[in-house]
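So this block is query.cif, mmCIF, C-alpha atoms:
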data_protein
loop_
_atom_site.group_PDB
_atom_site.id
_atom_site.type_symbol
_atom_site.label_atom_id
_atom_site.label_comp_id
_atom_site.auth_asym_id
_atom_site.auth_seq_id
_atom_site.Cartn_x
_atom_site.Cartn_y
_atom_site.Cartn_z
ATOM 1 C CA MET A 640 78.539 -114.810 -108.569
ATOM 2 C CA SER A 641 76.974 -118.119 -109.490
ATOM 3 C CA THR A 642 73.811 -117.900 -111.503
ATOM 4 C CA GLN A 643 73.411 -121.624 -112.182
ATOM 5 C CA PRO A 644 69.980 -122.938 -111.236
ATOM 6 C CA VAL A 645 70.057 -125.368 -108.338
ATOM 7 C CA PRO A 646 67.765 -128.346 -108.834
ATOM 8 C CA MET A 647 64.935 -128.661 -106.361
ATOM 9 C CA HIS A 648 64.757 -131.735 -104.196
ATOM 10 C CA SER A 649 61.964 -134.241 -104.413
ATOM 11 C CA PRO A 650 58.651 -133.408 -102.687
ATOM 12 C CA GLU A 651 59.322 -136.084 -100.036
ATOM 13 C CA GLU A 652 62.303 -134.076 -98.807
ATOM 14 C CA HIS A 653 60.288 -130.995 -97.966
ATOM 15 C CA VAL A 654 58.108 -132.460 -95.249
ATOM 16 C CA GLY A 655 58.477 -130.142 -92.265
ATOM 17 C CA SER A 656 60.503 -127.049 -93.078
ATOM 18 C CA HIS A 657 59.608 -125.111 -96.231
ATOM 19 C CA SER A 658 63.210 -124.043 -96.793
ATOM 20 C CA ALA A 659 64.287 -127.701 -96.960
ATOM 21 C CA ALA A 660 62.274 -127.942 -100.201
ATOM 22 C CA PHE A 661 64.642 -125.479 -101.830
ATOM 23 C CA ALA A 662 67.909 -126.487 -100.126
ATOM 24 C CA PRO A 663 70.686 -125.775 -100.864
ATOM 25 C CA ALA A 664 69.261 -122.877 -102.880
ATOM 26 C CA ARG A 665 68.651 -119.727 -100.876
ATOM 27 C CA TYR A 666 67.022 -117.695 -103.646
ATOM 28 C CA VAL A 667 64.000 -118.607 -105.742
ATOM 29 C CA CYS A 668 63.376 -116.479 -108.834
ATOM 30 C CA PHE A 669 60.261 -116.202 -110.985
ATOM 31 C CA GLY A 670 59.281 -113.406 -113.354
ATOM 32 C CA LYS A 671 60.441 -110.064 -111.907
ATOM 33 C CA PHE A 672 60.453 -111.555 -108.400
ATOM 34 C CA HIS A 673 63.046 -113.217 -106.254
ATOM 35 C CA LEU A 674 62.525 -114.743 -102.860
ATOM 36 C CA ASP A 675 65.221 -114.822 -100.172
ATOM 37 C CA LEU A 676 64.325 -117.968 -98.240
ATOM 38 C CA LYS A 677 66.751 -117.301 -95.388
ATOM 39 C CA LYS A 678 65.426 -113.793 -94.672
ATOM 40 C CA GLU A 679 61.887 -114.742 -95.776
ATOM 41 C CA GLU A 680 61.686 -111.657 -98.005
ATOM 42 C CA LEU A 681 60.155 -111.171 -101.438
ATOM 43 C CA PHE A 682 61.601 -108.667 -103.917
ATOM 44 C CA LYS A 683 60.260 -107.313 -107.183
ATOM 45 C CA ASN A 684 62.933 -105.802 -109.439
ATOM 46 C CA GLY A 685 65.167 -105.535 -106.368
ATOM 47 C CA VAL A 686 62.586 -103.662 -104.268
ATOM 48 C CA ARG A 687 61.248 -105.436 -101.186
ATOM 49 C CA VAL A 688 57.549 -106.315 -101.292
ATOM 50 C CA LYS A 689 55.559 -106.652 -98.064
ATOM 51 C CA VAL A 690 53.921 -110.055 -97.747
ATOM 52 C CA GLN A 691 51.662 -111.255 -94.931
ATOM 53 C CA SER A 692 52.708 -114.450 -93.152
ATOM 54 C CA LYS A 693 49.938 -116.715 -94.501
ATOM 55 C CA VAL A 694 50.392 -115.317 -98.016
ATOM 56 C CA TYR A 695 54.147 -116.034 -97.782
ATOM 57 C CA GLN A 696 53.408 -119.592 -96.613
ATOM 58 C CA ALA A 697 50.998 -120.097 -99.527
ATOM 59 C CA LEU A 698 53.673 -118.867 -101.945
ATOM 60 C CA LEU A 699 56.165 -121.335 -100.467
ATOM 61 C CA ALA A 700 53.659 -124.186 -100.768
ATOM 62 C CA LEU A 701 53.064 -123.386 -104.443
ATOM 63 C CA LEU A 702 56.762 -122.878 -105.184
ATOM 64 C CA GLY A 703 57.461 -126.230 -103.513
ATOM 65 C CA LYS A 704 55.657 -127.940 -106.406
ATOM 66 C CA PRO A 705 55.991 -125.674 -109.467
ATOM 67 C CA GLY A 706 53.866 -126.795 -112.390
ATOM 68 C CA GLU A 707 52.043 -129.328 -110.202
ATOM 69 C CA ILE A 708 48.654 -129.086 -108.554
ATOM 70 C CA VAL A 709 48.702 -128.077 -104.899
ATOM 71 C CA SER A 710 45.338 -129.137 -103.552
ATOM 72 C CA ARG A 711 43.234 -126.845 -101.410
ATOM 73 C CA GLU A 712 43.607 -129.445 -98.644
ATOM 74 C CA GLU A 713 47.418 -129.305 -98.885
ATOM 75 C CA LEU A 714 47.272 -125.510 -98.595
ATOM 76 C CA ARG A 715 44.889 -125.741 -95.645
ATOM 77 C CA MET A 716 47.176 -128.208 -93.824
ATOM 78 C CA GLN A 717 50.253 -126.026 -94.412
ATOM 79 C CA LEU A 718 48.570 -122.748 -93.484
ATOM 80 C CA TRP A 719 46.397 -123.737 -90.519
ATOM 81 C CA PRO A 720 47.047 -126.472 -87.940
ATOM 82 C CA SER A 721 44.301 -129.085 -87.582
ATOM 83 C CA ASP A 722 43.182 -127.614 -84.242
ATOM 84 C CA THR A 723 42.539 -124.171 -85.800
ATOM 85 C CA HIS A 724 38.862 -123.313 -86.173
ATOM 86 C CA VAL A 725 38.422 -121.130 -89.262
ATOM 87 C CA ASN A 726 36.388 -121.257 -92.459
ATOM 88 C CA TYR A 727 39.101 -123.003 -94.466
ATOM 89 C CA ASP A 728 37.512 -122.581 -97.900
ATOM 90 C CA ALA A 729 37.049 -118.832 -97.500
ATOM 91 C CA ASN A 730 40.494 -118.398 -95.942
ATOM 92 C CA VAL A 731 42.261 -120.399 -98.672
ATOM 93 C CA ASN A 732 40.476 -118.310 -101.326
ATOM 94 C CA THR A 733 41.328 -115.062 -99.534
ATOM 95 C CA THR A 734 44.972 -116.049 -99.062
ATOM 96 C CA VAL A 735 45.425 -117.037 -102.726
ATOM 97 C CA ASN A 736 43.703 -113.813 -103.839
ATOM 98 C CA LYS A 737 46.061 -111.776 -101.622
ATOM 99 C CA LEU A 738 49.015 -113.655 -103.124
ATOM 100 C CA ARG A 739 47.766 -112.779 -106.603
ATOM 101 C CA GLN A 740 47.510 -109.116 -105.565
ATOM 102 C CA VAL A 741 51.093 -109.143 -104.273
ATOM 103 C CA LEU A 742 52.311 -110.700 -107.524
ATOM 104 C CA GLY A 743 50.115 -108.476 -109.722
ATOM 105 C CA ASP A 744 48.495 -111.638 -111.078
ATOM 106 C CA SER A 745 44.991 -112.226 -112.392
ATOM 107 C CA PRO A 746 42.865 -115.375 -112.122
ATOM 108 C CA GLY A 747 41.561 -114.699 -115.651
ATOM 109 C CA GLN A 748 45.039 -114.547 -117.200
ATOM 110 C CA PRO A 749 47.397 -116.141 -114.669
ATOM 111 C CA ALA A 750 51.097 -115.500 -115.038
ATOM 112 C CA PHE A 751 51.961 -117.100 -111.681
ATOM 113 C CA VAL A 752 49.061 -118.815 -109.885
ATOM 114 C CA ASP A 753 46.525 -120.777 -111.926
ATOM 115 C CA THR A 754 43.297 -122.121 -110.440
ATOM 116 C CA ILE A 755 42.658 -125.768 -111.218
ATOM 117 C CA PRO A 756 38.849 -126.070 -110.845
ATOM 118 C CA ARG A 757 37.726 -128.371 -108.005
ATOM 119 C CA LYS A 758 41.333 -129.426 -107.377
ATOM 120 C CA GLY A 759 43.525 -126.561 -106.208
ATOM 121 C CA TYR A 760 46.179 -124.259 -107.587
ATOM 122 C CA SER A 761 49.334 -124.515 -109.654
ATOM 123 C CA PHE A 762 52.350 -122.228 -109.858
ATOM 124 C CA VAL A 763 52.731 -121.827 -113.632
ATOM 125 C CA ALA A 764 55.661 -119.386 -114.011
ATOM 126 C CA LYS A 765 59.196 -120.551 -114.736
ATOM 127 C CA VAL A 766 61.016 -121.001 -111.416
ATOM 128 C CA GLU A 767 64.795 -120.874 -110.984
ATOM 129 C CA TYR A 768 66.895 -121.563 -107.901
ATOM 130 C CA PHE A 769 70.155 -119.832 -107.014
ATOM 131 C CA ASP A 770 72.619 -120.028 -104.178
ATOM 132 C CA ARG A 771 73.630 -116.354 -104.465
ATOM 133 C CA PRO A 772 71.608 -113.144 -104.818
ATOM 134 C CA VAL A 773 70.413 -112.378 -108.288
ATOM 135 C CA VAL A 774 71.138 -108.877 -109.523
ATOM 136 C CA PRO A 775 67.924 -107.448 -110.967
ATOM 137 C CA PRO A 776 68.169 -106.196 -114.545
ATOM 138 C CA ALA A 777 68.663 -102.484 -115.028
ATOM 139 C CA PRO A 778 65.330 -100.659 -115.234
ATOM 140 C CA GLN A 779 64.035 -99.827 -118.698
ATOM 141 C CA ARG A 780 64.072 -96.174 -119.710
ATOM 142 C CA GLU A 781 60.282 -96.198 -119.866
ATOM 143 C CA GLU A 782 60.027 -97.344 -116.233
ATOM 144 C CA LEU A 783 62.499 -94.876 -114.702
ATOM 145 C CA SER A 784 64.335 -91.974 -116.175
ATOM 146 C CA PRO A 785 68.132 -92.256 -116.089
ATOM 147 C CA ARG A 786 68.231 -89.483 -113.475
ATOM 148 C CA THR A 787 65.932 -91.247 -111.020
ATOM 149 C CA THR A 788 67.942 -92.483 -108.076
ATOM 150 C CA VAL A 789 67.013 -93.665 -104.630
ATOM 151 C CA GLU A 790 67.773 -90.214 -103.237
ATOM 152 C CA GLU A 791 65.582 -88.547 -105.869
ATOM 153 C CA ARG A 792 62.735 -90.971 -105.184
ATOM 154 C CA ALA A 793 63.082 -90.123 -101.479
ATOM 155 C CA GLY A 794 63.001 -86.439 -102.415
ATOM 156 C CA THR A 795 59.868 -87.082 -104.455
ATOM 157 C CA ARG A 796 58.218 -88.592 -101.403
ATOM 158 C CA ALA A 797 59.208 -85.546 -99.357
ATOM 159 C CA SER A 798 57.791 -83.187 -101.983
ATOM 160 C CA PHE A 799 54.634 -85.295 -102.125
ATOM 161 C CA PHE A 800 54.128 -84.630 -98.424
ATOM 162 C CA ARG A 801 54.886 -80.924 -98.936
ATOM 163 C CA THR A 802 52.281 -80.620 -101.703
ATOM 164 C CA PRO A 803 49.209 -80.787 -99.417
ATOM 165 C CA LEU A 804 50.747 -78.102 -97.198
ATOM 166 C CA LEU A 805 51.429 -75.877 -100.200
ATOM 167 C CA SER A 806 47.987 -76.511 -101.657
ATOM 168 C CA LYS A 807 46.389 -75.502 -98.328
ATOM 169 C CA TRP A 808 48.263 -72.197 -98.454
ATOM 170 C CA PHE A 809 47.343 -71.724 -102.099
ATOM 171 C CA THR A 810 43.674 -72.416 -101.329
ATOM 172 C CA ALA A 811 43.771 -70.011 -98.383
ATOM 173 C CA ALA A 812 45.351 -67.324 -100.590
ATOM 174 C CA VAL A 813 42.654 -67.778 -103.247
ATOM 175 C CA VAL A 814 39.902 -67.553 -100.614
ATOM 176 C CA VAL A 815 41.445 -64.369 -99.150
ATOM 177 C CA LEU A 816 41.772 -62.910 -102.649
ATOM 178 C CA VAL A 817 38.109 -63.671 -103.460
ATOM 179 C CA ILE A 818 36.925 -62.157 -100.157
ATOM 180 C CA ALA A 819 39.115 -59.087 -100.669
ATOM 181 C CA SER A 820 37.756 -58.711 -104.226
ATOM 182 C CA MET A 821 34.180 -58.961 -102.961
ATOM 183 C CA LEU A 822 34.841 -56.362 -100.259
ATOM 184 C CA PHE A 823 36.561 -54.061 -102.736
ATOM 185 C CA GLY A 824 33.635 -54.519 -105.170
ATOM 186 C CA ALA A 825 31.129 -53.755 -102.408
ATOM 187 C CA ALA A 826 33.122 -50.674 -101.407
ATOM 188 C CA LEU A 827 33.128 -49.473 -105.039
ATOM 189 C CA VAL A 828 29.340 -49.962 -105.300
ATOM 190 C CA LEU A 829 28.769 -48.058 -102.042
ATOM 191 C CA TYR A 830 31.156 -45.287 -103.093
ATOM 192 C CA SER A 831 29.549 -44.929 -106.524
ATOM 193 C CA HIS A 832 26.056 -44.547 -104.990
ATOM 194 C CA ARG A 833 27.088 -41.569 -102.850
#

Could you render the structure from this file as structure tokens?
Amino acid sequence: MSTQPVPMHSPEEHVGSHSAAFAPARYVCFGKFHLDLKKEELFKNGVRVKVQSKVYQALLALLGKPGEIVSREELRMQLWPSDTHVNYDANVNTTVNKLRQVLGDSPGQPAFVDTIPRKGYSFVAKVEYFDRPVVPPAPQREELSPRTTVEERAGTRASFFRTPLLSKWFTAAVVVLVIASMLFGAALVLYSHR
């Protein structure tokens, strides 16, 4: 498996298709994320992350010029055709904020997307390009126990859904027990007064 970074082409070459900006690289890696340009999928530590279409397009626009300023106007032109009638400023802000949420980034301490006041945004993380999938590093022991597997995580989800059912039965049993205790107490009081 080749893990040599593939140099990105000049910005002039990416007019039109976003994937042409990264050709011949298929995978773009930054931080704990890697992007499969062919399948248009984002992964974090090997787990697929859901990304809305406009948010994905914004990510591509920023990754097309890492370390450079991508103006708000450039984002607007890439995300919405000129005949689209929307509040561009609000929609650009919302889209970039959603991208930050997906990446777990913060405008106050940006690890990926930095705001350049009155100019636009810049992708500030180190970006690498690969022609083959990148194997994510093994999880740290603090993140996952050695026993945690995909099957066990699926079992955890199943038990999570069983928990509300069990808690309903437990609650019902407690209520029945309280009512029975009250009735028994009332019966004892009535019996003792006879």

Go ahead and compute the interatomic distance for atom CA of A:Pro746 and atom CA of A:Pro720, in Å to one decimal.
26.9 Å

Enter the distance from atom CA of A:Gln691 to atom CA of A:Leu674, in Å, rounded to one decimal.
13.9 Å

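If you look at atom CA of A:Lys693 and atom CA of A:Thr734, they are 6.8 Å away from each other.
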
Give me the residues within 12 Å of A:Ile708 as JSON, numbers by chain, counting only C-alpha atoms and dropping any in the same chain fewer than 2 places off.
{"A": [700, 701, 702, 703, 704, 705, 706, 710, 711, 712, 713, 714, 752, 753, 754, 755, 756, 757, 758, 759, 760, 761, 762, 763]}

Counting only C-alpha atoms, the residue among A:Val773, A:Val731, A:Ala764, A:Met716 that lies closest to A:Lys683 is A:Val773

Would you mind telling me which residue in A:Lys677, A:Gly743, A:Val688, A:Ala729 lies nearest to A:Arg665 when using all atoms listed in the file?
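Between A:Lys677, A:Gly743, A:Val688, A:Ala729, the residue approaching A:Arg665 most closely is A:Lys677.
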
How would you write, as an MDAnalysis selection string, the residues chosen by the PyMOL selection byres ((chain A and resi 672) around 7) on this structure?
chainID A and resid 668:671 673:674 681:684

Selection in question (the file shown): the PyMOL selection byres ((chain A and resi 740) around 12). Which residues does it include, as a PyMOL selection string?
chain A and resi 688-691+694+733-739+741-746+749-752

So which one's closest to A:Asn732, A:Ala811, A:Ala826, A:Ala697, A:Gly747? Using only C-alpha atoms, please.
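Among A:Ala811, A:Ala826, A:Ala697, A:Gly747, it is A:Ala697 that comes nearest to A:Asn732.
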